[in-house]
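**Student:** This one is entry_8.txt, compact mmCIF, C-alpha atoms.
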# COMPACT_ATOMS: atom_id res chain seq x y z
CA MET A 1 25.20 20.97 -10.57
CA ASP A 2 24.37 21.20 -6.86
CA ALA A 3 20.92 21.30 -5.30
CA PRO A 4 19.21 20.94 -1.93
CA VAL A 5 16.83 17.97 -1.68
CA ASP A 6 13.26 17.99 -0.34
CA ALA A 7 11.28 14.86 0.54
CA VAL A 8 8.27 14.84 -1.79
CA GLY A 9 5.25 12.65 -2.46
CA ILE A 10 2.45 12.69 -5.00
CA ALA A 11 0.88 15.76 -6.64
CA ALA A 12 -2.88 16.15 -7.04
CA ASP A 13 -2.69 14.88 -10.63
CA GLY A 14 -1.04 11.62 -9.57
CA GLN A 15 2.40 12.56 -10.85
CA MET A 16 5.49 12.75 -8.67
CA GLU A 17 5.49 15.99 -6.69
CA LEU A 18 8.39 18.39 -7.35
CA PRO A 19 9.57 21.40 -5.34
CA GLU A 20 8.08 24.65 -6.67
CA ASP A 21 11.53 26.22 -6.42
CA VAL A 22 13.41 24.98 -9.49
CA ALA A 23 16.71 25.45 -7.63
CA ARG A 24 15.64 22.53 -5.39
CA VAL A 25 15.07 18.88 -6.24
CA GLY A 26 12.69 16.31 -4.76
CA TRP A 27 13.38 12.84 -3.41
CA TYR A 28 10.38 10.47 -3.77
CA ARG A 29 9.83 9.67 -0.11
CA PHE A 30 7.54 6.69 -0.66
CA GLY A 31 10.30 4.85 -2.51
CA PRO A 32 13.72 3.73 -1.26
CA GLU A 33 16.22 6.06 0.37
CA PRO A 34 19.45 6.41 -1.64
CA GLY A 35 21.50 3.31 -0.85
CA ALA A 36 18.58 1.12 0.18
CA GLU A 37 17.36 -1.74 -2.00
CA GLY A 38 15.63 -0.49 -5.15
CA SER A 39 15.60 2.73 -7.12
CA ALA A 40 15.87 5.98 -5.16
CA VAL A 41 14.32 8.71 -7.34
CA ILE A 42 15.42 12.35 -7.26
CA ALA A 43 13.73 14.68 -9.74
CA GLY A 44 13.40 18.37 -10.45
CA HIS A 45 12.19 20.94 -12.95
CA VAL A 46 14.53 21.59 -15.85
CA ASP A 47 13.23 25.16 -16.01
CA ASP A 48 10.32 27.45 -15.26
CA ARG A 49 8.79 30.37 -17.18
CA GLU A 50 9.35 32.77 -14.28
CA GLN A 51 12.34 31.28 -12.47
CA GLY A 52 14.46 30.31 -15.49
CA ALA A 53 16.79 27.32 -15.58
CA GLY A 54 16.44 24.73 -12.83
CA ALA A 55 19.04 22.86 -10.81
CA LEU A 56 18.77 19.82 -13.07
CA TYR A 57 19.17 21.81 -16.32
CA PRO A 58 22.67 20.31 -16.88
CA LEU A 59 21.34 16.74 -16.47
CA GLN A 60 20.83 16.51 -20.25
CA ASP A 61 24.63 16.63 -20.59
CA ALA A 62 25.40 14.02 -17.91
CA ALA A 63 27.82 11.39 -19.17
CA VAL A 64 28.42 7.79 -18.21
CA GLY A 65 31.15 7.79 -15.58
CA ASP A 66 30.13 11.11 -14.03
CA GLU A 67 30.09 11.09 -10.25
CA VAL A 68 27.08 12.00 -8.09
CA ALA A 69 27.20 12.65 -4.35
CA VAL A 70 24.13 12.48 -2.12
CA THR A 71 24.30 13.96 1.36
CA ASP A 72 21.61 12.89 3.81
CA ALA A 73 20.09 14.96 6.61
CA ALA A 74 22.69 13.62 9.05
CA GLY A 75 25.53 14.68 6.77
CA ALA A 76 26.50 11.20 5.57
CA VAL A 77 27.59 11.15 1.93
CA THR A 78 27.02 8.34 -0.57
CA ARG A 79 28.82 8.39 -3.92
CA TRP A 80 27.43 7.15 -7.21
CA ARG A 81 28.68 6.61 -10.78
CA VAL A 82 26.44 7.35 -13.75
CA VAL A 83 25.81 4.20 -15.79
CA SER A 84 23.19 5.45 -18.24
CA ARG A 85 21.46 8.53 -19.59
CA GLU A 86 18.25 8.08 -21.54
CA VAL A 87 15.80 10.49 -23.13
CA ILE A 88 12.41 8.80 -23.01
CA THR A 89 9.02 9.97 -24.31
CA LYS A 90 6.90 10.70 -21.25
CA GLN A 91 4.11 8.38 -22.35
CA ALA A 92 6.60 5.53 -22.65
CA LEU A 93 8.40 6.13 -19.36
CA PRO A 94 9.04 2.75 -17.67
CA LEU A 95 7.62 3.90 -14.32
CA ASP A 96 7.65 0.43 -12.79
CA ARG A 97 11.40 0.19 -13.43
CA LEU A 98 12.25 3.76 -12.43
CA PHE A 99 10.26 3.54 -9.18
CA ALA A 100 11.01 -0.12 -8.36
CA ARG A 101 11.37 -0.82 -4.65
CA GLU A 102 13.32 -4.03 -5.25
CA GLY A 103 16.63 -4.88 -6.83
CA ALA A 104 20.17 -3.56 -6.41
CA PRO A 105 20.48 -0.06 -4.92
CA ARG A 106 20.53 2.62 -7.60
CA LEU A 107 19.98 6.34 -7.90
CA THR A 108 17.62 7.57 -10.59
CA LEU A 109 17.69 11.27 -11.52
CA ILE A 110 14.81 12.58 -13.64
CA THR A 111 14.01 15.90 -15.27
CA CYS A 112 12.38 17.05 -18.50
CA GLY A 113 13.96 17.24 -21.90
CA GLY A 114 13.63 16.69 -25.62
CA PRO A 115 11.53 19.04 -27.73
CA PHE A 116 9.56 21.74 -25.93
CA LEU A 117 5.89 21.81 -26.90
CA PRO A 118 4.64 25.39 -26.49
CA GLU A 119 1.02 24.33 -26.92
CA PHE A 120 1.32 22.10 -23.87
CA ARG A 121 3.82 24.34 -22.05
CA SER A 122 5.84 21.25 -21.40
CA TYR A 123 8.54 19.00 -22.75
CA ARG A 124 7.87 15.84 -24.70
CA ASP A 125 10.45 13.70 -22.92
CA ASN A 126 12.02 12.89 -19.60
CA VAL A 127 15.77 12.79 -19.17
CA VAL A 128 16.60 9.78 -16.98
CA VAL A 129 20.05 9.28 -15.50
CA VAL A 130 20.78 6.13 -13.53
CA ALA A 131 23.78 5.82 -11.20
CA GLU A 132 25.18 2.90 -9.21
CA PRO A 133 26.93 3.07 -5.85
CA ILE A 134 30.69 3.52 -5.85
CA PRO A 135 31.99 0.87 -3.43
CA MET B 136 -15.24 -19.75 30.74
CA SER B 137 -18.65 -18.39 31.38
CA THR B 138 -18.72 -16.09 28.39
CA LEU B 139 -17.91 -18.81 25.90
CA ARG B 140 -20.48 -21.42 24.98
CA THR B 141 -20.11 -24.44 22.78
CA LEU B 142 -21.44 -23.41 19.42
CA GLY B 143 -23.59 -25.70 17.32
CA SER B 144 -21.32 -26.77 14.51
CA ALA B 145 -23.94 -26.64 11.78
CA ALA B 146 -24.74 -22.99 12.35
CA GLY B 147 -21.08 -22.07 12.67
CA ALA B 148 -20.03 -23.91 9.56
CA ALA B 149 -22.82 -22.45 7.47
CA ALA B 150 -21.92 -18.92 8.44
CA VAL B 151 -18.24 -19.40 7.74
CA VAL B 152 -18.66 -21.17 4.40
CA GLY B 153 -21.14 -18.57 3.27
CA GLY B 154 -18.64 -15.86 4.01
CA LEU B 155 -15.81 -17.36 2.04
CA VAL B 156 -17.81 -18.49 -0.97
CA LEU B 157 -18.59 -14.87 -1.71
CA VAL B 158 -14.89 -14.26 -2.32
CA ALA B 159 -13.77 -13.68 -5.86
CA THR B 160 -10.55 -15.58 -6.45
CA PRO B 161 -7.89 -13.40 -8.09
CA ALA B 162 -6.88 -14.33 -11.62
CA THR B 163 -3.31 -14.86 -10.47
CA ALA B 164 -4.35 -17.50 -7.93
CA ALA B 165 -1.63 -19.92 -6.97
CA ASP B 166 -2.26 -23.23 -5.27
CA THR B 167 -2.00 -21.73 -1.84
CA ALA B 168 -3.86 -19.19 0.23
CA THR B 169 -2.60 -16.74 2.84
CA VAL B 170 -4.51 -17.01 6.10
CA SER B 171 -4.02 -15.07 9.31
CA ILE B 172 -5.88 -15.90 12.51
CA LEU B 173 -6.96 -13.39 15.14
CA HIS B 174 -8.11 -14.36 18.61
CA GLY B 175 -10.71 -11.84 19.72
CA VAL B 176 -12.55 -13.71 22.48
CA PRO B 177 -11.59 -12.24 25.88
CA ASN B 178 -10.15 -14.34 28.71
CA THR B 179 -10.03 -17.60 26.77
CA PRO B 180 -6.69 -19.07 25.61
CA VAL B 181 -7.28 -21.78 23.01
CA ASP B 182 -5.53 -24.35 20.83
CA VAL B 183 -6.46 -24.04 17.15
CA TYR B 184 -6.88 -27.20 15.05
CA ALA B 185 -7.22 -27.47 11.27
CA ASN B 186 -8.32 -30.85 9.87
CA GLY B 187 -7.48 -32.49 13.18
CA GLU B 188 -3.90 -31.15 13.26
CA ARG B 189 -2.87 -28.62 15.83
CA LEU B 190 -2.15 -25.33 14.03
CA ILE B 191 -1.59 -23.01 17.00
CA ASP B 192 -0.82 -23.93 20.61
CA ASP B 193 -1.93 -21.80 23.56
CA PHE B 194 -3.31 -18.96 21.43
CA GLN B 195 -3.87 -15.92 23.63
CA PRO B 196 -6.72 -13.39 23.28
CA GLY B 197 -5.68 -10.29 21.36
CA THR B 198 -3.06 -12.21 19.36
CA LEU B 199 -2.81 -12.14 15.58
CA THR B 200 -0.76 -14.83 13.87
CA ASP B 201 1.75 -14.09 11.16
CA PRO B 202 0.27 -14.91 7.75
CA LEU B 203 0.15 -18.68 7.26
CA THR B 204 0.56 -20.10 3.77
CA LEU B 205 -1.88 -22.99 3.47
CA PRO B 206 -2.71 -25.25 0.55
CA ALA B 207 -6.03 -24.19 -0.93
CA GLY B 208 -8.91 -26.46 -0.02
CA ALA B 209 -11.55 -27.16 2.60
CA TYR B 210 -10.66 -26.98 6.27
CA ASP B 211 -12.35 -28.18 9.43
CA LEU B 212 -11.45 -25.60 12.05
CA ALA B 213 -11.82 -26.20 15.78
CA LEU B 214 -10.82 -24.24 18.87
CA PHE B 215 -10.24 -26.17 22.10
CA PRO B 216 -9.51 -24.82 25.57
CA ALA B 217 -5.73 -24.39 25.76
CA ASP B 218 -5.52 -26.38 28.98
CA ALA B 219 -7.34 -29.45 27.65
CA PRO B 220 -5.42 -32.56 26.51
CA ASP B 221 -4.66 -32.21 22.80
CA GLY B 222 -7.54 -32.84 20.45
CA SER B 223 -9.83 -34.28 23.09
CA GLY B 224 -13.27 -33.30 24.28
CA GLU B 225 -15.70 -30.82 22.84
CA PRO B 226 -14.40 -27.81 20.94
CA LEU B 227 -15.36 -24.37 22.17
CA LEU B 228 -15.92 -23.34 18.58
CA LYS B 229 -15.83 -25.22 15.32
CA ALA B 230 -16.53 -24.72 11.64
CA ASP B 231 -16.37 -27.56 9.12
CA ASP B 232 -15.56 -27.42 5.41
CA VAL B 233 -14.34 -23.84 5.44
CA ALA B 234 -13.43 -23.11 1.83
CA VAL B 235 -10.01 -21.51 1.46
CA PRO B 236 -9.72 -20.58 -2.25
CA ALA B 237 -6.36 -20.54 -4.00
CA GLY B 238 -4.78 -17.09 -4.06
CA ALA B 239 -7.02 -15.68 -1.36
CA ASN B 240 -5.72 -13.56 1.50
CA ALA B 241 -8.03 -13.99 4.47
CA THR B 242 -8.14 -13.40 8.18
CA VAL B 243 -10.21 -15.78 10.29
CA VAL B 244 -11.36 -14.12 13.49
CA ALA B 245 -12.60 -15.92 16.60
CA HIS B 246 -14.68 -13.25 18.30
CA LEU B 247 -17.91 -12.40 20.08
CA LYS B 248 -21.11 -11.50 18.30
CA GLU B 249 -23.06 -8.44 19.34
CA ASP B 250 -25.01 -10.59 21.84
CA GLY B 251 -21.79 -11.91 23.39
CA SER B 252 -21.87 -15.42 21.92
CA PRO B 253 -18.64 -16.62 20.26
CA THR B 254 -18.25 -17.18 16.55
CA LEU B 255 -15.71 -17.60 13.77
CA THR B 256 -15.81 -15.05 10.96
CA PRO B 257 -13.56 -15.20 7.90
CA PHE B 258 -12.75 -11.83 6.34
CA VAL B 259 -11.21 -11.44 2.93
CA ASN B 260 -8.36 -8.97 2.78
CA ASP B 261 -8.25 -6.64 -0.22
CA THR B 262 -4.71 -6.86 -1.59
CA SER B 263 -5.35 -4.93 -4.81
CA ALA B 264 -3.02 -2.04 -5.65
CA VAL B 265 -3.36 1.21 -3.70
CA PRO B 266 -2.88 4.49 -5.64
CA ALA B 267 0.55 6.10 -5.24
CA GLY B 268 0.77 8.16 -2.07
CA GLN B 269 -2.27 6.48 -0.55
CA ALA B 270 -2.95 3.85 2.10
CA ARG B 271 -5.90 1.52 2.59
CA VAL B 272 -7.56 1.25 5.99
CA THR B 273 -10.24 -1.28 6.90
CA VAL B 274 -12.25 -1.34 10.13
CA ARG B 275 -13.89 -4.58 11.31
CA HIS B 276 -16.43 -4.72 14.13
CA THR B 277 -15.83 -7.97 16.03
CA ALA B 278 -16.80 -6.82 19.53
CA ALA B 279 -19.82 -7.66 21.69
CA ALA B 280 -21.19 -4.18 21.19
CA PRO B 281 -23.88 -2.38 19.22
CA ALA B 282 -23.31 -0.18 16.18
CA VAL B 283 -20.30 2.14 16.33
CA ASP B 284 -18.81 5.08 14.49
CA VAL B 285 -15.09 5.24 13.80
CA ARG B 286 -13.52 8.68 13.99
CA ALA B 287 -10.21 10.03 12.68
CA GLY B 288 -9.08 13.18 14.44
CA GLY B 289 -12.54 13.44 16.01
CA THR B 290 -14.40 13.36 12.67
CA PRO B 291 -16.55 10.30 11.90
CA VAL B 292 -15.18 8.47 8.86
CA VAL B 293 -17.23 5.28 9.24
CA GLU B 294 -20.76 5.50 10.66
CA GLY B 295 -23.14 2.87 11.94
CA LEU B 296 -20.80 -0.13 11.63
CA THR B 297 -22.29 -3.30 13.14
CA ASN B 298 -20.81 -6.67 14.13
CA PRO B 299 -19.46 -8.50 12.03
CA ASP B 300 -19.31 -5.92 9.24
CA GLU B 301 -16.34 -4.03 7.86
CA ALA B 302 -15.70 -0.73 6.11
CA THR B 303 -12.76 0.21 3.90
CA LEU B 304 -11.35 3.63 3.05
CA THR B 305 -8.44 4.89 1.02
CA ALA B 306 -6.59 7.81 2.59
CA PRO B 307 -3.35 9.74 2.03
CA ALA B 308 -0.45 8.02 3.76
CA SER B 309 -0.23 9.59 7.22
CA THR B 310 -0.52 8.98 10.93
CA ILE B 311 -4.06 9.42 12.24
CA THR B 312 -5.57 9.47 15.70
CA ALA B 313 -8.56 7.15 15.67
CA ASP B 314 -11.21 6.25 18.19
CA VAL B 315 -14.43 4.24 18.27
CA VAL B 316 -17.63 5.74 19.63
CA LEU B 317 -21.13 4.39 20.11
CA ALA B 318 -22.95 5.19 16.85
CA GLY B 319 -24.28 8.72 16.69
CA THR B 320 -22.72 9.74 20.01
CA ASP B 321 -19.48 11.15 21.41
CA THR B 322 -19.24 8.28 23.91
CA VAL B 323 -15.79 6.81 23.34
CA ALA B 324 -15.72 3.01 23.50
CA ILE B 325 -12.12 2.44 22.37
CA GLY B 326 -9.13 4.69 21.99
CA PRO B 327 -7.96 7.14 20.91
CA ALA B 328 -5.02 5.34 19.31
CA ASP B 329 -2.44 6.54 16.80
CA LEU B 330 -2.42 4.56 13.58
CA THR B 331 0.36 4.85 11.03
CA LEU B 332 -1.09 4.40 7.56
CA ALA B 333 2.03 3.68 5.50
CA GLU B 334 1.98 4.33 1.77
CA GLY B 335 1.05 1.35 -0.36
CA THR B 336 -0.06 -0.74 2.62
CA SER B 337 -3.33 -1.92 4.09
CA THR B 338 -4.03 -1.39 7.78
CA ILE B 339 -6.85 -3.50 9.19
CA VAL B 340 -8.22 -2.50 12.57
CA TYR B 341 -10.36 -4.89 14.62
CA ALA B 342 -12.53 -3.69 17.49
CA TRP B 343 -12.91 -6.65 19.86
CA GLY B 344 -13.84 -7.54 23.42
CA ASN B 345 -16.90 -7.06 25.59
CA GLY B 346 -18.14 -4.76 28.33
CA GLU B 347 -16.98 -7.10 31.07
CA ALA B 348 -13.39 -7.65 29.93
CA GLY B 349 -13.05 -4.33 28.15
CA TYR B 350 -12.71 -3.36 24.52
CA ASP B 351 -9.50 -3.08 22.54
CA LEU B 352 -8.13 -2.69 19.04
CA ALA B 353 -6.09 -5.29 17.17
CA VAL B 354 -4.16 -4.07 14.13
CA GLN B 355 -3.07 -6.08 11.11
CA THR B 356 -0.94 -4.63 8.32
CA ILE B 357 -0.33 -5.97 4.82
CA ASP B 358 2.29 -4.33 2.62
CA GLY B 359 3.45 -4.45 -0.98
CA MET B 360 0.36 -2.91 -2.61
CA HIS B 361 2.04 0.33 -3.71
CA SER B 362 1.65 1.91 -7.15
CA MET B 363 3.96 4.09 -9.19
CA PRO B 364 3.47 7.83 -9.73
CA ALA B 365 1.67 8.60 -13.00
CA GLY B 366 4.73 10.40 -14.31
CA VAL B 367 7.33 13.07 -13.63
CA PRO B 368 6.63 16.66 -14.69
CA GLY B 369 9.56 18.97 -15.03
CA GLY B 370 9.64 22.18 -17.03
CA SER B 371 7.59 24.96 -18.54
CA ALA B 372 9.94 27.46 -20.20
CA GLY B 373 11.51 25.67 -23.14
CA LEU B 374 15.05 26.73 -22.26
CA ALA B 375 16.25 23.15 -22.69
CA ASP B 376 14.37 22.64 -25.95
CA GLN B 377 16.17 20.06 -28.10
CA ASP B 378 14.07 20.39 -31.25
CA SER B 379 12.77 23.93 -31.57
CA SER B 380 12.91 23.91 -35.37
CA LEU B 381 9.93 21.61 -35.64
CA PRO B 382 7.48 22.65 -32.93
CA ALA B 383 4.42 22.01 -35.09
CA VAL B 384 5.50 18.48 -36.00
CA ALA B 385 6.47 17.70 -32.43
CA ALA B 386 3.15 18.92 -31.12
CA LEU B 387 1.32 16.90 -33.74
CA SER B 388 3.28 13.82 -32.78
CA VAL B 389 2.36 14.19 -29.15
CA ALA B 390 -1.26 14.79 -29.97
CA GLY B 391 -1.22 11.52 -31.89
CA LEU B 392 0.61 9.73 -29.11
CA ALA B 393 -2.34 9.30 -26.87
CA VAL B 394 -3.96 7.20 -29.54
CA ALA B 395 -1.07 5.60 -31.37
CA GLY B 396 1.32 4.94 -28.52
CA ALA B 397 4.99 5.74 -28.19
CA GLY B 398 6.16 3.61 -31.09
CA ALA B 399 4.47 5.87 -33.59
CA LEU B 400 6.44 8.86 -32.49
CA ARG B 401 9.78 7.15 -32.97
CA VAL B 402 8.87 6.11 -36.50
CA ALA B 403 7.75 9.62 -37.43
CA ARG B 404 10.97 11.11 -36.21
CA ASN B 405 13.07 8.57 -38.06
CA ARG B 406 11.31 9.41 -41.32
CA GLY B 407 11.76 13.13 -40.72
Could you express the structure from this file as structure tokens?
**Tutor:**
Amino acid sequence: MDAPVDAVGIAADGQMELPEDVARVGWYRFGPEPGAEGSAVIAGHVDDREQGAGALYPLQDAAVGDEVAVTDAAGAVTRWRVVSREVITKQALPLDRLFAREGAPRLTLITCGGPFLPEFRSYRDNVVVVAEPIP
Amino acid sequence: MSTLRTLGSAAGAAAVVGGLVLVATPATAADTATVSILHGVPNTPVDVYANGERLIDDFQPGTLTDPLTLPAGAYDLALFPADAPDGSGEPLLKADDVAVPAGANATVVAHLKEDGSPTLTPFVNDTSAVPAGQARVTVRHTAAAPAVDVRAGGTPVVEGLTNPDEATLTAPASTITADVVLAGTDTVAIGPADLTLAEGTSTIVYAWGNGEAGYDLAVQTIDGMHSMPAGVPGGSAGLADQDSSLPAVAALSVAGLAVAGAGALRVARNRG
């Protein structure tokens, strides 16, 4: 799993904006940078009807202890260890926790998962993986 | 200072109290209020007194204090010439029994009215949440000048603003180039100036001064009003489907979710 990161904001519908290209992922630029206080959020499409599987497709199989590396624009690398993977119904997503701008630095990776709902052309759940800095 | 007259205290106090009484106190009110003070009277350094105690020494025109946390209550405010012996003589400006409600966030501005006479105006700062990705911007006319328009990138966004009124907008977080023109004209009175409207913050811009000393902008920012995104989208193909054997049930569950909440879904799945 390896993907370029774009700085993203808010889409017209009020949700977090994601890169159109499912091979890329988005960092929520209004929240913390990875390593700063709070939860740095990186999210991407799990798949797309035309483009196929996205960069974060394997996130559903992430395991506690897995390592994540984030490289910033200047080339500096921060390393993170996965501490949790949750599958959460979208309507119950704890947005205030996932997008918190306070608290210990953490990296929150989000994509879609759970059952696919053809009627809605979307997934029921979000896959949420949280990682903590490796000292 | 020739431009600054002693103001009758009764008139000043009435205006100030009237302004603050209109304020709705937030439900989360603590026992304190947050008060900032802006000095917008040109050429006149002052000492600021609250209830007879000196609050600010040698306060220079164009200066905004950091937010002060004050116990809620009634305050007698007085501004003396900065070079006068402490607390003596006649104040340049005063306002008695200014109500400072618990939980309020206010900015008290010493400024000139449209006719050039000095006054104290308390403004209440809106600290309610700003939608994700957005910024709040407020413009306050505290200059000895007639009605103005405020433009962003040359386009009027506030029109016909008069002293001591304010206008508030919500805009996407961005940097804008703003100027102030005489209302209905292209005659620039102040600016242009670049303003960074940071996400989840409030930027408050004061137009102050007079024709003699010149006009300027003072900028106050308040942060911490950000909101969360409404959610995270993330897929449209179904390649990662974890429960394709029961699409009808899953769809039904989601349809019911909007009404029943997330707990209902978990129960349904456990029974299945």
**Student:** Near chain A, which residues of chain B fall within 6 Å when you count all atoms listed in the file, and what do they look like as a list in words?
**Tutor:**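 Per the criterion, chain B yields Gly268, Pro364, Ala365, Gly366, Val367, Gly369, Gly370, Ser371, Ala372, Gly373, Asp376, Gln377, Asp378, Ala386 and Ala397 of chain B.
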**Student:** List as a list in words the residues having at least one atom at most 10 Å from position (24.4, 19.9, -8.7) as given in the file, counting all atoms listed in the file.
**Tutor:** Met1, Asp2, Ala3, Pro4, Ala23, Arg24, Val25, Ala55, Leu56, Tyr57, Pro58, Leu59, Val68, Ala69 and Val70 of chain A
**Student:** Could you list, as an MDAnalysis selection string, every residue within 12 Å of range 309-324 of chain B, counting all atoms listed in the file and ignoring same-chain residues fewer than 4 positions away?
**Tutor:** (chainID A and resid 9 30) or (chainID B and resid 268:272 274:276 278:297 305 328:336 338 340:346 349:352)
**Student:** Which value, in Å to one decimal, gives the distance between CA of Asn186 in chain B and CA of Val233 in chain B?
**Tutor:**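 So the two atoms, CA of Asn186 in chain B and CA of Val233 in chain B, lie 10.2 Å apart.
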**Student:** Could you please determine the separation between CA of Val87 in chain A and CA of Val5 in chain A in Å, to one decimal place?
**Tutor:**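 These two atoms are separated by 22.7 Å.
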**Student:** Skipping near chain neighbours, those fewer than 5 positions away, what residues fall within 9 Å of range 196-207 of chain B using all atoms listed in the file, listed as a compact mmCIF listing (two decimals) with C-alpha atoms, keeping the file's coordinate frame?
**Tutor:**
# COMPACT_ATOMS: atom_id res chain seq x y z
CA ALA B 165 -1.63 -19.92 -6.97
CA ASP B 166 -2.26 -23.23 -5.27
CA THR B 167 -2.00 -21.73 -1.84
CA ALA B 168 -3.86 -19.19 0.23
CA THR B 169 -2.60 -16.74 2.84
CA VAL B 170 -4.51 -17.01 6.10
CA SER B 171 -4.02 -15.07 9.31
CA ILE B 172 -5.88 -15.90 12.51
CA LEU B 173 -6.96 -13.39 15.14
CA HIS B 174 -8.11 -14.36 18.61
CA GLY B 175 -10.71 -11.84 19.72
CA VAL B 176 -12.55 -13.71 22.48
CA PRO B 177 -11.59 -12.24 25.88
CA ASN B 178 -10.15 -14.34 28.71
CA THR B 179 -10.03 -17.60 26.77
CA PRO B 180 -6.69 -19.07 25.61
CA VAL B 181 -7.28 -21.78 23.01
CA ILE B 191 -1.59 -23.01 17.00
CA ALA B 234 -13.43 -23.11 1.83
CA VAL B 235 -10.01 -21.51 1.46
CA PRO B 236 -9.72 -20.58 -2.25
CA ALA B 237 -6.36 -20.54 -4.00
CA GLY B 238 -4.78 -17.09 -4.06
CA ALA B 239 -7.02 -15.68 -1.36
CA ASN B 240 -5.72 -13.56 1.50
CA ALA B 241 -8.03 -13.99 4.47
CA THR B 242 -8.14 -13.40 8.18
CA TRP B 343 -12.91 -6.65 19.86
CA GLY B 344 -13.84 -7.54 23.42
CA ASP B 351 -9.50 -3.08 22.54
CA LEU B 352 -8.13 -2.69 19.04
CA ALA B 353 -6.09 -5.29 17.17
CA VAL B 354 -4.16 -4.07 14.13
CA GLN B 355 -3.07 -6.08 11.11
**Student:** Expressed in Å to a single decimal, how great is the separation between CA of Gly187 in chain B and CA of Ala230 in chain B?
**Tutor:**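 Between these atoms lies a distance of 12.0 Å.
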**Student:** Counting all atoms listed in the file, find the residues whose atoms lie at most 7 Å from (19.8, 6.2, -10.1) (file coordinates) and write them out as JSON, numbers by chain.
**Tutor:** {"A": [39, 40, 41, 106, 107, 108, 109, 129, 130, 131, 132]}
**Student:** Quick one: residues within 6 Å of Pro105 in chain A, only C-alpha atoms, excluding same-chain residues fewer than 2 positions away - as a list in words?
**Tutor:**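 The filter keeps Gly35, Ala36, Glu37 and Gly38 of chain A.
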